[in-house]
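Chemist: Got coords-v9.tsv for you, TSV, C-alpha atoms and all ligand atoms:
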chain	number	residue	atom	x	y	z
A	1105	MET	CA	77.89	86.79	80.11
A	1106	GLY	CA	81.31	86.08	78.71
A	1107	PHE	CA	83.66	87.25	75.97
A	1108	GLU	CA	81.58	85.81	73.12
A	1109	ASP	CA	78.28	87.24	74.39
A	1110	THR	CA	79.88	90.65	74.76
A	1111	TYR	CA	81.82	90.86	71.50
A	1112	LYS	CA	80.03	88.30	69.24
A	1113	HIS	CA	83.23	86.50	68.29
A	1114	LYS	CA	85.77	84.20	69.92
A	1115	PRO	CA	88.79	85.58	71.82
A	1116	GLN	CA	92.22	85.20	70.20
A	1117	ILE	CA	94.16	85.09	73.46
A	1118	LYS	CA	93.42	83.87	76.98
A	1119	GLU	CA	95.86	84.31	79.87
A	1120	SER	CA	95.53	84.28	83.63
A	1121	ALA	CA	97.45	85.07	86.81
A	1122	ASN	CA	96.80	84.06	90.40
A	1123	ALA	CA	96.45	86.07	93.58
A	1124	ARG	CA	98.89	85.44	96.39
A	1125	VAL	CA	99.12	85.37	100.13
A	1126	ASN	CA	102.31	86.55	101.79
A	1127	LEU	CA	103.30	83.99	104.44
A	1128	ILE	CA	105.97	86.23	105.96
A	1129	GLY	CA	108.02	89.31	105.03
A	1130	GLU	CA	105.91	92.46	105.11
A	1131	HIS	CA	107.22	95.77	103.67
A	1132	THR	CA	110.57	94.05	103.15
A	1133	ASP	CA	110.25	94.07	99.36
A	1134	TYR	CA	110.76	97.75	98.51
A	1135	THR	CA	113.42	97.90	101.23
A	1136	GLY	CA	115.55	95.35	99.38
A	1137	GLY	CA	114.93	92.40	101.69
A	1138	TYR	CA	113.30	88.96	101.62
A	1139	VAL	CA	109.68	87.85	101.28
A	1140	MET	CA	107.94	84.48	101.12
A	1141	PRO	CA	104.49	84.46	99.53
A	1142	THR	CA	102.60	81.58	97.92
A	1143	LEU	CA	99.94	81.53	95.20
A	1144	LEU	CA	96.23	81.14	95.93
A	1145	LYS	CA	93.62	79.42	93.76
A	1146	PHE	CA	91.87	82.76	93.16
A	1147	LYS	CA	92.78	84.07	89.73
A	1148	ASN	CA	92.25	86.76	87.16
A	1149	THR	CA	91.65	85.76	83.53
A	1150	ILE	CA	91.99	88.02	80.49
A	1151	GLU	CA	90.49	87.28	77.09
A	1152	LEU	CA	91.53	89.44	74.18
A	1153	SER	CA	90.82	90.07	70.49
A	1154	LYS	CA	91.82	92.74	68.02
A	1155	ASN	CA	89.44	95.70	67.70
A	1156	SER	CA	89.29	97.07	64.15
A	1157	GLU	CA	87.41	100.27	65.04
A	1158	LYS	CA	90.42	101.92	66.69
A	1159	GLN	CA	88.89	101.64	70.16
A	1160	PHE	CA	89.85	99.89	73.35
A	1161	VAL	CA	86.77	98.17	74.76
A	1162	VAL	CA	87.11	96.54	78.17
A	1163	PHE	CA	84.48	94.67	80.14
A	1164	SER	CA	85.02	93.76	83.82
A	1165	GLU	CA	82.71	91.07	85.10
A	1166	TYR	CA	83.40	92.11	88.70
A	1167	PHE	CA	82.19	95.68	88.12
A	1168	ASN	CA	79.67	94.51	85.48
A	1169	GLU	CA	80.77	97.50	83.48
A	1170	LYS	CA	82.12	98.23	80.00
A	1171	LYS	CA	84.64	101.02	79.35
A	1172	VAL	CA	85.61	102.42	75.96
A	1173	PHE	CA	88.69	104.58	75.44
A	1174	ASN	CA	91.00	105.76	72.67
A	1175	ASP	CA	94.00	107.00	74.61
A	1176	PHE	CA	95.91	106.10	77.76
A	1177	VAL	CA	95.23	109.27	79.73
A	1178	LYS	CA	94.58	108.47	83.38
A	1179	SER	CA	91.08	109.25	84.68
A	1180	LYS	CA	90.65	112.35	86.79
A	1181	TYR	CA	89.04	110.34	89.61
A	1182	SER	CA	90.47	106.88	90.12
A	1183	ASP	CA	88.74	104.28	88.01
A	1184	TRP	CA	89.36	100.55	87.53
A	1185	SER	CA	90.04	101.14	83.83
A	1186	ASP	CA	93.20	103.05	84.83
A	1187	TYR	CA	94.89	99.71	85.52
A	1188	ILE	CA	94.08	98.59	81.98
A	1189	LYS	CA	95.19	101.88	80.40
A	1190	GLY	CA	98.36	101.71	82.51
A	1191	CYS	CA	99.16	98.21	81.22
A	1192	PHE	CA	98.73	99.28	77.59
A	1193	PHE	CA	100.77	102.43	78.19
A	1194	ILE	CA	103.67	100.59	79.84
A	1195	PHE	CA	103.59	97.70	77.33
A	1196	PHE	CA	103.74	99.94	74.24
A	1197	ASP	CA	106.30	102.19	75.89
A	1198	GLU	CA	108.55	99.17	76.53
A	1199	ASN	CA	108.08	97.82	72.99
A	1200	LYS	CA	108.42	100.98	70.94
A	1201	LYS	CA	108.87	99.10	67.65
A	1202	ILE	CA	105.39	97.59	67.88
A	1203	LYS	CA	102.69	99.46	66.02
A	1204	LEU	CA	99.75	100.41	68.21
A	1205	GLU	CA	96.74	98.10	67.90
A	1206	HIS	CA	93.35	98.28	69.59
A	1207	PHE	CA	91.66	95.50	71.55
A	1208	ASN	CA	88.46	94.07	72.97
A	1209	MET	CA	89.09	92.70	76.45
A	1210	TYR	CA	87.03	90.67	78.91
A	1211	ILE	CA	88.16	90.44	82.56
A	1212	LYS	CA	87.00	87.57	84.72
A	1213	SER	CA	88.20	87.31	88.31
A	1214	THR	CA	87.59	85.10	91.32
A	1215	ILE	CA	89.86	87.28	93.52
A	1216	PRO	CA	88.35	89.34	96.35
A	1217	LEU	CA	89.42	92.93	95.56
A	1218	GLY	CA	91.19	95.34	97.90
A	1219	ARG	CA	91.86	92.73	100.61
A	1220	GLY	CA	95.65	92.46	100.51
A	1221	ILE	CA	95.90	89.38	98.29
A	1222	SER	CA	96.84	91.52	95.33
A	1223	SER	CA	94.07	91.44	92.77
A	1224	SER	CA	95.75	94.46	91.17
A	1225	SER	CA	99.00	92.60	90.43
A	1226	ALA	CA	97.15	89.55	89.12
A	1227	LEU	CA	95.18	91.88	86.85
A	1228	CYS	CA	98.28	93.66	85.51
A	1229	VAL	CA	100.32	90.47	85.13
A	1230	SER	CA	97.54	88.70	83.22
A	1231	ILE	CA	97.04	91.66	80.86
A	1232	LEU	CA	100.77	91.93	80.17
A	1233	LYS	CA	100.95	88.15	79.63
A	1234	ALA	CA	98.10	88.43	77.11
A	1235	LEU	CA	99.84	91.26	75.21
A	1236	ASN	CA	103.14	89.37	75.33
A	1237	THR	CA	101.44	86.35	73.74
A	1238	TYR	CA	99.50	88.41	71.18
A	1239	PHE	CA	102.56	90.31	69.94
A	1240	ASN	CA	104.97	87.40	70.50
A	1241	THR	CA	107.31	89.78	72.34
A	1242	GLN	CA	108.93	86.90	74.28
A	1243	MET	CA	109.41	88.78	77.52
A	1244	ASN	CA	110.11	86.37	80.38
A	1245	GLY	CA	108.19	86.19	83.67
A	1246	ARG	CA	110.63	88.46	85.48
A	1247	HIS	CA	110.39	91.10	82.74
A	1248	LEU	CA	106.57	90.99	82.85
A	1249	ALA	CA	106.66	91.37	86.66
A	1250	ILE	CA	108.89	94.45	86.36
A	1251	LEU	CA	106.47	96.00	83.85
A	1252	ALA	CA	103.44	95.18	86.05
A	1253	LYS	CA	105.19	96.93	88.94
A	1254	LYS	CA	105.79	99.96	86.72
A	1255	VAL	CA	102.05	100.13	86.04
A	1256	GLU	CA	101.29	100.38	89.77
A	1257	ASN	CA	104.24	102.63	90.69
A	1258	GLN	CA	104.44	105.00	87.74
A	1259	TYR	CA	100.92	105.01	86.32
A	1260	ILE	CA	98.59	104.33	89.29
A	1261	GLY	CA	100.90	105.94	91.89
A	1262	VAL	CA	101.16	103.21	94.54
A	1263	SER	CA	104.62	102.85	96.10
A	1264	SER	CA	104.58	99.05	96.11
A	1265	GLY	CA	107.49	96.64	95.85
A	1266	ILE	CA	108.07	93.78	93.39
A	1267	MET	CA	106.86	90.81	95.48
A	1268	ASP	CA	103.27	90.58	94.24
A	1269	GLN	CA	104.11	90.84	90.57
A	1270	MET	CA	107.01	88.36	90.78
A	1271	VAL	CA	105.01	85.63	92.53
A	1272	SER	CA	101.94	86.23	90.37
A	1273	SER	CA	104.05	85.99	87.21
A	1274	ILE	CA	106.49	83.20	88.14
A	1275	GLY	CA	105.14	81.38	91.22
A	1276	ILE	CA	103.80	77.82	91.19
A	1277	TYR	CA	100.63	76.90	93.05
A	1278	GLY	CA	101.43	74.71	96.07
A	1279	LYS	CA	104.99	76.02	96.59
A	1280	ALA	CA	106.37	78.81	98.76
A	1281	PHE	CA	108.11	81.51	96.70
A	1282	PHE	CA	111.18	82.75	98.57
A	1283	LEU	CA	112.38	85.95	96.91
A	1284	ASP	CA	115.39	88.17	97.42
A	1285	CYS	CA	113.88	91.48	96.30
A	1286	LEU	CA	117.24	93.12	95.67
A	1287	ASN	CA	118.49	90.79	92.93
A	1288	LEU	CA	115.15	89.07	92.11
A	1289	LYS	CA	116.63	85.62	92.72
A	1290	TYR	CA	113.99	83.19	93.92
A	1291	GLU	CA	113.55	79.66	95.21
A	1292	LEU	CA	110.42	77.53	95.02
A	1293	VAL	CA	110.14	75.56	98.26
A	1294	SER	CA	107.70	72.66	98.81
A	1295	PHE	CA	105.42	72.57	101.83
A	1296	PRO	CA	105.71	69.64	104.23
A	1297	SER	CA	102.66	67.36	103.92
A	1298	ASN	CA	101.23	68.10	107.37
A	1299	TRP	CA	101.09	71.91	107.00
A	1300	LYS	CA	97.96	73.82	106.13
A	1301	PHE	CA	97.48	77.56	105.67
A	1302	CYS	CA	94.10	79.21	105.93
A	1303	LEU	CA	92.92	82.80	105.38
A	1304	ILE	CA	90.34	84.74	107.37
A	1305	ASP	CA	88.94	87.96	105.93
A	1306	SER	CA	88.76	90.94	108.30
A	1307	GLU	CA	86.72	92.91	105.73
A	1308	VAL	CA	88.34	96.27	106.34
A	1309	GLN	CA	87.93	99.25	104.00
A	1310	ARG	CA	90.50	99.91	101.36
A	1311	ASN	CA	90.83	103.70	101.10
A	1312	LEU	CA	92.65	104.18	104.36
A	1313	ARG	CA	94.98	101.36	103.37
A	1314	SER	CA	96.64	102.92	100.36
A	1315	SER	CA	97.32	106.28	102.03
A	1316	SER	CA	98.76	104.65	105.17
A	1317	TYR	CA	100.80	102.29	102.98
A	1318	ASN	CA	102.40	105.26	101.26
A	1319	ASP	CA	103.10	106.88	104.68
A	1320	ARG	CA	104.94	103.80	105.86
A	1321	PHE	CA	106.87	103.68	102.57
A	1322	SER	CA	108.07	107.26	103.16
A	1323	GLU	CA	109.02	106.56	106.80
A	1324	LEU	CA	111.19	103.63	105.74
A	1325	LYS	CA	112.86	105.71	103.05
A	1326	ILE	CA	113.67	108.34	105.76
A	1327	ALA	CA	115.27	105.57	107.86
A	1328	GLU	CA	117.41	104.48	104.89
A	1329	LYS	CA	118.52	108.07	104.33
A	1330	GLU	CA	119.41	108.70	107.99
A	1331	LEU	CA	121.22	105.38	108.31
A	1332	ALA	CA	123.02	106.22	105.03
A	1333	VAL	CA	122.22	102.83	103.51
A	1334	GLU	CA	120.70	102.20	100.12
A	1335	TYR	CA	118.30	99.61	101.51
A	1336	LEU	CA	117.19	98.67	105.03
A	1337	GLY	CA	117.18	95.08	103.80
A	1338	GLY	CA	120.97	95.06	104.01
A	1339	VAL	CA	121.06	96.12	107.69
A	1340	GLU	CA	121.74	93.28	110.13
A	1341	ILE	CA	119.97	93.31	113.50
A	1342	ASN	CA	123.19	93.80	115.52
A	1343	LYS	CA	124.30	96.65	113.23
A	1344	PHE	CA	121.00	98.51	113.41
A	1345	ASP	CA	122.12	101.86	114.88
A	1346	THR	CA	118.99	103.57	116.19
A	1347	ASP	CA	121.01	106.60	117.39
A	1348	LYS	CA	121.31	107.74	113.78
A	1349	ILE	CA	117.53	107.96	113.34
A	1350	SER	CA	115.92	111.20	114.49
A	1351	SER	CA	112.32	110.12	115.08
A	1352	PRO	CA	111.16	107.42	117.52
A	1353	THR	CA	108.36	106.50	115.09
A	1354	VAL	CA	110.81	105.95	112.25
A	1355	ILE	CA	112.96	103.78	114.55
A	1356	LYS	CA	109.94	101.53	115.18
A	1357	ARG	CA	109.07	101.25	111.48
A	1358	ALA	CA	112.65	100.43	110.56
A	1359	ARG	CA	112.99	97.92	113.43
A	1360	HIS	CA	110.03	96.02	111.98
A	1361	VAL	CA	111.79	95.70	108.62
A	1362	VAL	CA	115.20	94.79	110.05
A	1363	THR	CA	113.77	92.07	112.33
A	1364	GLU	CA	111.26	90.87	109.70
A	1365	ASN	CA	114.05	90.12	107.22
A	1366	TYR	CA	115.70	87.88	109.76
A	1367	ARG	CA	112.36	86.13	110.36
A	1368	VAL	CA	111.89	85.41	106.64
A	1369	LEU	CA	115.28	83.70	106.50
A	1370	LYS	CA	114.43	81.66	109.62
A	1371	ALA	CA	111.01	80.82	108.15
A	1372	LYS	CA	112.59	79.40	105.00
A	1373	GLU	CA	114.89	77.33	107.18
A	1374	SER	CA	111.87	76.05	109.18
A	1375	LEU	CA	110.13	75.06	105.96
A	1376	LEU	CA	113.17	73.12	104.76
A	1377	ASN	CA	113.50	71.42	108.18
A	1378	ASP	CA	109.77	70.64	108.45
A	1379	ASP	CA	109.75	72.61	111.72
A	1380	ILE	CA	106.13	73.71	111.90
A	1381	SER	CA	106.28	75.06	115.45
A	1382	GLN	CA	109.21	77.35	114.63
A	1383	PHE	CA	107.43	78.63	111.50
A	1384	GLY	CA	104.32	79.27	113.61
A	1385	LYS	CA	106.33	81.15	116.24
A	1386	LEU	CA	107.90	83.33	113.56
A	1387	MET	CA	104.45	84.19	112.21
A	1388	ILE	CA	103.34	85.30	115.69
A	1389	GLU	CA	106.51	87.38	116.16
A	1390	SER	CA	105.98	88.85	112.71
A	1391	HIS	CA	102.43	89.85	113.57
A	1392	ASN	CA	103.47	91.45	116.86
A	1393	SER	CA	106.15	93.45	115.09
A	1394	TYR	CA	103.69	94.44	112.34
A	1395	SER	CA	101.08	95.43	114.90
A	1396	LYS	CA	103.25	97.17	117.54
A	1397	ASP	CA	106.28	98.58	115.71
A	1398	PHE	CA	104.78	99.07	112.27
A	1399	GLU	CA	101.30	99.90	113.62
A	1400	ALA	CA	99.71	98.40	110.51
A	1401	SER	CA	97.11	96.24	112.25
A	1402	THR	CA	93.61	96.96	113.55
A	1403	LYS	CA	91.64	95.77	116.58
A	1404	ASP	CA	89.52	93.41	114.43
A	1405	VAL	CA	92.63	91.91	112.85
A	1406	ASP	CA	94.39	91.43	116.21
A	1407	ASP	CA	91.25	89.65	117.48
A	1408	ILE	CA	91.26	87.25	114.52
A	1409	VAL	CA	94.95	86.46	115.09
A	1410	ASP	CA	94.44	85.85	118.84
A	1411	ARG	CA	91.35	83.71	118.32
A	1412	SER	CA	92.96	81.64	115.59
A	1413	ILE	CA	95.82	80.78	117.95
A	1414	GLN	CA	93.43	80.04	120.81
A	1415	CYS	CA	91.56	77.69	118.44
A	1416	GLY	CA	94.76	75.72	117.81
A	1417	ALA	CA	96.69	77.45	115.01
A	1418	LEU	CA	100.47	77.31	115.50
A	1419	GLY	CA	100.88	80.76	113.97
A	1420	ALA	CA	98.75	83.57	112.60
A	1421	ARG	CA	99.37	87.04	111.23
A	1422	LEU	CA	98.03	89.90	109.19
A	1423	THR	CA	99.11	89.49	105.57
A	1424	GLY	CA	99.54	92.09	102.82
A	1425	GLY	CA	100.16	95.81	102.93
A	1426	GLY	CA	98.40	96.27	106.27
A	1427	PHE	CA	95.45	98.15	107.78
A	1428	GLY	CA	92.97	95.31	107.35
A	1429	GLY	CA	92.48	92.69	104.70
A	1430	PHE	CA	93.27	89.02	105.21
A	1431	THR	CA	94.98	87.17	108.03
A	1432	VAL	CA	96.82	83.90	107.42
A	1433	SER	CA	97.00	81.03	109.93
A	1434	LEU	CA	99.15	77.91	110.02
A	1435	ILE	CA	97.52	74.72	111.28
A	1436	GLU	CA	98.62	71.09	111.39
A	1437	LYS	CA	96.58	69.22	108.76
A	1438	ASP	CA	95.32	66.56	111.15
A	1439	LYS	CA	94.11	69.26	113.57
A	1440	PHE	CA	92.53	71.37	110.86
A	1441	SER	CA	88.89	70.22	111.22
A	1442	ASN	CA	89.05	70.84	114.94
A	1443	TRP	CA	90.48	74.35	114.41
A	1444	TYR	CA	87.86	75.06	111.75
A	1445	LYS	CA	84.96	74.01	113.97
A	1446	LYS	CA	86.16	76.35	116.71
A	1447	ILE	CA	86.99	79.39	114.56
A	1448	ASN	CA	83.76	78.99	112.61
A	1449	LYS	CA	81.90	79.92	115.82
A	1450	PHE	CA	83.44	83.41	115.52
A	1451	TYR	CA	83.62	83.85	111.74
A	1452	PRO	CA	81.23	82.55	109.05
A	1453	ALA	CA	82.41	80.12	106.36
A	1454	GLU	CA	82.29	82.89	103.70
A	1455	LYS	CA	85.14	84.64	105.49
A	1456	ILE	CA	87.39	81.57	105.78
A	1457	PHE	CA	89.44	80.41	102.79
A	1458	GLU	CA	91.62	77.30	102.73
A	1459	VAL	CA	94.87	77.78	100.81
B	1501	LIG	P1	94.48	94.46	96.12
B	1501	LIG	O1	95.56	94.45	95.10
B	1501	LIG	O2	94.95	94.19	97.50
B	1501	LIG	O3	93.32	93.58	95.75
B	1501	LIG	P2	94.29	97.19	95.25
B	1501	LIG	O4	93.59	98.36	95.78
B	1501	LIG	O5	95.75	97.28	95.04
B	1501	LIG	O6	93.90	95.94	96.16
B	1501	LIG	O7	93.68	96.81	93.82
B	1501	LIG	C1	92.29	96.75	93.61
B	1501	LIG	C2	91.94	97.52	92.35
B	1501	LIG	O8	92.44	96.81	91.18
B	1501	LIG	C3	90.44	97.62	92.11
B	1501	LIG	O9	89.88	98.73	92.79
B	1501	LIG	C4	90.40	97.80	90.60
B	1501	LIG	O10	90.68	99.14	90.24
B	1501	LIG	C5	91.55	96.92	90.11
B	1501	LIG	N1	91.04	95.57	89.78
B	1501	LIG	C6	91.41	94.40	90.34
B	1501	LIG	N2	90.73	93.35	89.80
B	1501	LIG	C7	89.90	93.87	88.88
B	1501	LIG	C8	88.91	93.33	87.98
B	1501	LIG	N3	88.63	92.04	87.95
B	1501	LIG	N4	88.25	94.20	87.18
B	1501	LIG	C9	88.54	95.51	87.17
B	1501	LIG	N5	89.44	96.09	87.98
B	1501	LIG	C10	90.11	95.29	88.84
B	1502	MG	MG	97.19	95.80	94.96
With the file now loaded, output its structure as structure tokens.

Modeler:
Amino acid sequence: MGFEDTYKHKPQIKESANARVNLIGEHTDYTGGYVMPTLLKFKNTIELSKNSEKQFVVFSEYFNEKKVFNDFVKSKYSDWSDYIKGCFFIFFDENKKIKLEHFNMYIKSTIPLGRGISSSSALCVSILKALNTYFNTQMNGRHLAILAKKVENQYIGVSSGIMDQMVSSIGIYGKAFFLDCLNLKYELVSFPSNWKFCLIDSEVQRNLRSSSYNDRFSELKIAEKELAVEYLGGVEINKFDTDKISSPTVIKRARHVVTENYRVLKAKESLLNDDISQFGKLMIESHNSYSKDFEASTKDVDDIVDRSIQCGALGARLTGGGFGGFTVSLIEKDKFSNWYKKINKFYPAEKIFEV
């Protein structure tokens, strides 16, 4: 299958966007703090042509399913086509002068879905890129990222931050993407030659993830309200006044964010100084905070992290929104084959992905 087999003509536009792994900085994006993801090779590709029959026809290779629609009304029960409708809705809403056109679309993806490496952002960013090219609307990468976030926040109803969309839209493969989520300023930082990151899939269900994610989002917004700050990201560790927060659970959630922001800054410094052991230590601290204070880990994930370190990784942590998904480990390149041999005894090759 492919675009031409499905629609019997060639596509007019082809655009893609990559998935990402967050190296450090979890739930610090929508709290106005710092994050540091990097792009993965996995990517989503969109092919597009005009549809003259006033229909939107979309085929997803992953679901091996075609959807046809005429309006942008969200499905009653969540459906993958909602992401596509949401992108059209937000794009045309942003560009009100553009006359509505209909499209044939083919979606090809190598990204594992629902595993915390943000297939949804790569999908939305690539669709918006394709529409931007088709209509020559000249929106820059930052603008497309903001629109892709709107699709998830306003149309789908996920309370996510801007990290995924920004790195997917602007990031460069092979560089760390340090982002200040408050002003959207970013730096692309090179990796030292002896560093290697590797993912291990914990294969945990998705449903529980999105509801717990939204719970954590609300808890952090309570902390911001009680501390009377606009964003937790602006609270320094020594000024974090837990007496102002009424619930012990909310204190723990907020402490994760306040300490995590500090770790992201230190991690960037370690990268610039080629200090692999400090970066590794920060990843371990980040995981402990994510697991104990934020309670976003699972037993299976904690086991992967522990085993990876026992097998020789300098750092390892759960990455993404939490409650399962991928873990990321940092290994010295010349020790990588040794680490791989050991970890492969616990987890099959299909679950291990080199970055
Ligand atoms: P993640 O972003 O971590 O992969 P999400 O739950 O946020 O997980 O997004 C996954 C959802 O995005 C899928 O259930 C589907 O609705 C949509 N999606 C992602 N990639 C594709 C694709 N290739 N084809 C159709 N829908 C997709
Ligand atoms: Mg997502």

Chemist: List as number ranges by chain the residues having at least one atom at most 8 Å from position (103.2, 99.6, 82.3) as given in the file, counting all atoms listed in the file.

Modeler: A: 1190-1195, 1197-1198, 1251-1256, 1258-1259

Chemist: Find the spatial neighbours of Gly1337 of chain A, counting all atoms listed in the file, within a cut-off of 8 Å - ignore same-chain residues fewer than 5 positions away - and output them as a ChimeraX atom specification.

Modeler: /A:1132,1135-1138,1361-1362,1365

Chemist: If we count all atoms listed in the file and set the cut-off at 7 Å, which residues sit around Ala1249 of chain A, ignoring sequence neighbours fewer than 6 positions away in its own chain? Please answer as a list of chain:residue names.

Modeler: A:Val1229, A:Gln1269, A:Met1270, A:Ser1273

Chemist: Give, as AutoDock Vina command-line options, the centre coordinates and the x, y and z edge lengths in Å to one decimal for an axis-aligned box around all listed atoms of segment 1202-1219 of chain A, padded by 3 Å on each side.

Modeler:
--center_x 96.2 --center_y 92.8 --center_z 83.3 --size_x 24.4 --size_y 21.3 --size_z 40.6

Chemist: Chain A near ligand LIG 1501 (chain B) within 9 Å: what's each residue's closest atom pair and its distance in Å to one decimal, counting all atoms listed in the file, ordered by chain then ascending residue number, as a Markdown table?

Modeler:
| residue | atom | partner | partner_atom | distance |
| --- | --- | --- | --- | --- |
| A:Ala1123 | CA | B:LIG1501 | O3 | 8.4 |
| A:Asn1148 | CA | B:LIG1501 | N3 | 6.5 |
| A:Thr1149 | CA | B:LIG1501 | N3 | 8.3 |
| A:Phe1163 | CA | B:LIG1501 | N4 | 8.0 |
| A:Ser1164 | CA | B:LIG1501 | N4 | 4.7 |
| A:Glu1165 | CA | B:LIG1501 | N3 | 6.6 |
| A:Tyr1166 | CA | B:LIG1501 | N3 | 5.3 |
| A:Phe1167 | CA | B:LIG1501 | N4 | 6.3 |
| A:Asn1168 | CA | B:LIG1501 | N4 | 8.8 |
| A:Glu1169 | CA | B:LIG1501 | C9 | 8.8 |
| A:Ser1182 | CA | B:LIG1501 | O10 | 7.7 |
| A:Asp1183 | CA | B:LIG1501 | O10 | 5.9 |
| A:Trp1184 | CA | B:LIG1501 | O10 | 3.3 |
| A:Ser1185 | CA | B:LIG1501 | N5 | 6.6 |
| A:Asp1186 | CA | B:LIG1501 | O10 | 7.1 |
| A:Tyr1187 | CA | B:LIG1501 | C5 | 6.3 |
| A:Ile1188 | CA | B:LIG1501 | N5 | 8.0 |
| A:Ile1211 | CA | B:LIG1501 | N3 | 5.6 |
| A:Lys1212 | CA | B:LIG1501 | N3 | 5.8 |
| A:Ser1213 | CA | B:LIG1501 | N3 | 4.8 |
| A:Thr1214 | CA | B:LIG1501 | N3 | 7.8 |
| A:Ile1215 | CA | B:LIG1501 | N2 | 7.2 |
| A:Pro1216 | CA | B:LIG1501 | O3 | 6.6 |
| A:Leu1217 | CA | B:LIG1501 | O3 | 4.0 |
| A:Gly1218 | CA | B:LIG1501 | O6 | 3.3 |
| A:Arg1219 | CA | B:LIG1501 | O2 | 4.6 |
| A:Gly1220 | CA | B:LIG1501 | O2 | 3.5 |
| A:Ile1221 | CA | B:LIG1501 | O2 | 5.0 |
| A:Ser1222 | CA | B:LIG1501 | O1 | 3.2 |
| A:Ser1223 | CA | B:LIG1501 | O3 | 3.7 |
| A:Ser1224 | CA | B:LIG1501 | O1 | 3.9 |
| A:Ser1225 | CA | B:LIG1501 | O1 | 6.1 |
| A:Ala1226 | CA | B:LIG1501 | N2 | 7.5 |
| A:Leu1227 | CA | B:LIG1501 | N2 | 5.5 |
| A:Cys1228 | CA | B:LIG1501 | C6 | 8.4 |
| A:Glu1256 | CA | B:LIG1501 | O5 | 8.3 |
| A:Val1262 | CA | B:LIG1501 | O5 | 8.0 |
| A:Asp1268 | CA | B:LIG1501 | O1 | 8.7 |
| A:Arg1310 | CA | B:LIG1501 | O4 | 6.6 |
| A:Asn1311 | CA | B:LIG1501 | O4 | 8.0 |
| A:Arg1313 | CA | B:LIG1501 | O4 | 8.3 |
| A:Ser1314 | CA | B:LIG1501 | O4 | 7.1 |
| A:Gly1424 | CA | B:LIG1501 | O2 | 7.3 |
| A:Gly1425 | CA | B:LIG1501 | O2 | 7.7 |
| A:Gly1429 | CA | B:LIG1501 | O2 | 7.8 |

Chemist: Using only C-alpha atoms and all ligand atoms, pick whichever of A:Lys1289, A:Arg1124, A:His1113, A:Arg1367 has the shortest atom-to-atom distance to ligand MG 1502 (chain B).

Modeler: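 That would be A:Arg1124, the residue with the smallest distance to ligand MG 1502 (chain B).
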
Chemist: With all atoms listed in the file as the counted atoms, please give the residues lying no more than 9 Å from Ser1294 of chain A, apart from itself and same-chain residues fewer than 6 positions off, as number ranges by chain.

Modeler: A: 1278-1280, 1375-1376

Chemist: Show which residues sit within 9 Å of segment 1318-1330 of chain A, as a list in words. Count only C-alpha atoms, and ignore same-chain residues fewer than 3 positions away.

Modeler: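 Close residues of segment 1318-1330 of chain A: His1131, Tyr1134, Thr1135, Val1262, Ser1263, Ser1264, Arg1313, Ser1314, Ser1315, Val1333, Glu1334, Tyr1335, Leu1336, Lys1348, Ile1349, Ser1350, Thr1353, Val1354, Ile1355, Arg1357, Ala1358, Val1361, Phe1398 and Ala1400 of chain A.
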
Chemist: Find, counting all atoms listed in the file, the residue in A:Met1267, A:Leu1204, A:Ile1435, A:Val1459 that gets nearest to ligand MG 1502 (chain B).

Modeler: A:Met1267

Chemist: So what do you get for atom CA of Ala1121 of chain A versus atom CA of Lys1147 of chain A, distance-wise?

Modeler: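 Between atom CA of Ala1121 of chain A and atom CA of Lys1147 of chain A the gap works out to 5.6 Å.
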
Chemist: Which residues, written as a PDB file with C-alpha atoms, in the frame of the given file, have at least one atom at most 9 Å from His1391 of chain A, with only C-alpha atoms counted and residues fewer than 6 positions away on the same chain left out?

Modeler:
ATOM      1  CA  SER A1401      97.110  96.240 112.250  1.00  0.00           C
ATOM      2  CA  ASP A1406      94.390  91.430 116.210  1.00  0.00           C
ATOM      3  CA  VAL A1409      94.950  86.460 115.090  1.00  0.00           C
ATOM      4  CA  ALA A1420      98.750  83.570 112.600  1.00  0.00           C
ATOM      5  CA  ARG A1421      99.370  87.040 111.230  1.00  0.00           C
ATOM      6  CA  LEU A1422      98.030  89.900 109.190  1.00  0.00           C
ATOM      7  CA  THR A1423      99.110  89.490 105.570  1.00  0.00           C
TER       8      THR A1423
END

Chemist: Find the distance between atom CA of Ser1120 of chain A and atom CA of Phe1239 of chain A and write it in Å to one decimal.

Modeler: 16.5 Å

Chemist: State, in Å with one decimal place, the distance from atom CA of Asp1397 of chain A to atom CA of Val1293 of chain A.

Modeler: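 Interatomic distance here is 29.1 Å.
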
Chemist: Just checking: using all atoms listed in the file, which residue out of A:Glu1458, A:Asp1407, A:Glu1205, A:Glu1130 ends up closest to Glu1157 of chain A?

Modeler: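 Looking only at the distances to Glu1157 of chain A, the closest residue turns out to be A:Glu1205.
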
Chemist: Just checking: using all atoms listed in the file, which residue out of A:Gly1275, A:Asn1257, A:Ser1441, A:Asn1155 ends up closest to ligand MG 1502 (chain B)?

Modeler: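 The closest residue to ligand MG 1502 (chain B) is A:Asn1257.
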
Chemist: In terms of the shortest atom-to-atom distance over all atoms listed in the file, which of A:Asn1122, A:Asn1298, A:Ser1156, A:Thr1110 is closest to Lys1439 of chain A?

Modeler: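 Comparing A:Asn1122, A:Asn1298, A:Ser1156, A:Thr1110 against Lys1439 of chain A, the winner is A:Asn1298.
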
Chemist: Could you tell me which of A:Phe1160, A:Trp1443, A:Phe1301, A:Phe1344 comes closest to Asp1175 of chain A if we count all atoms listed in the file?

Modeler: A:Phe1160
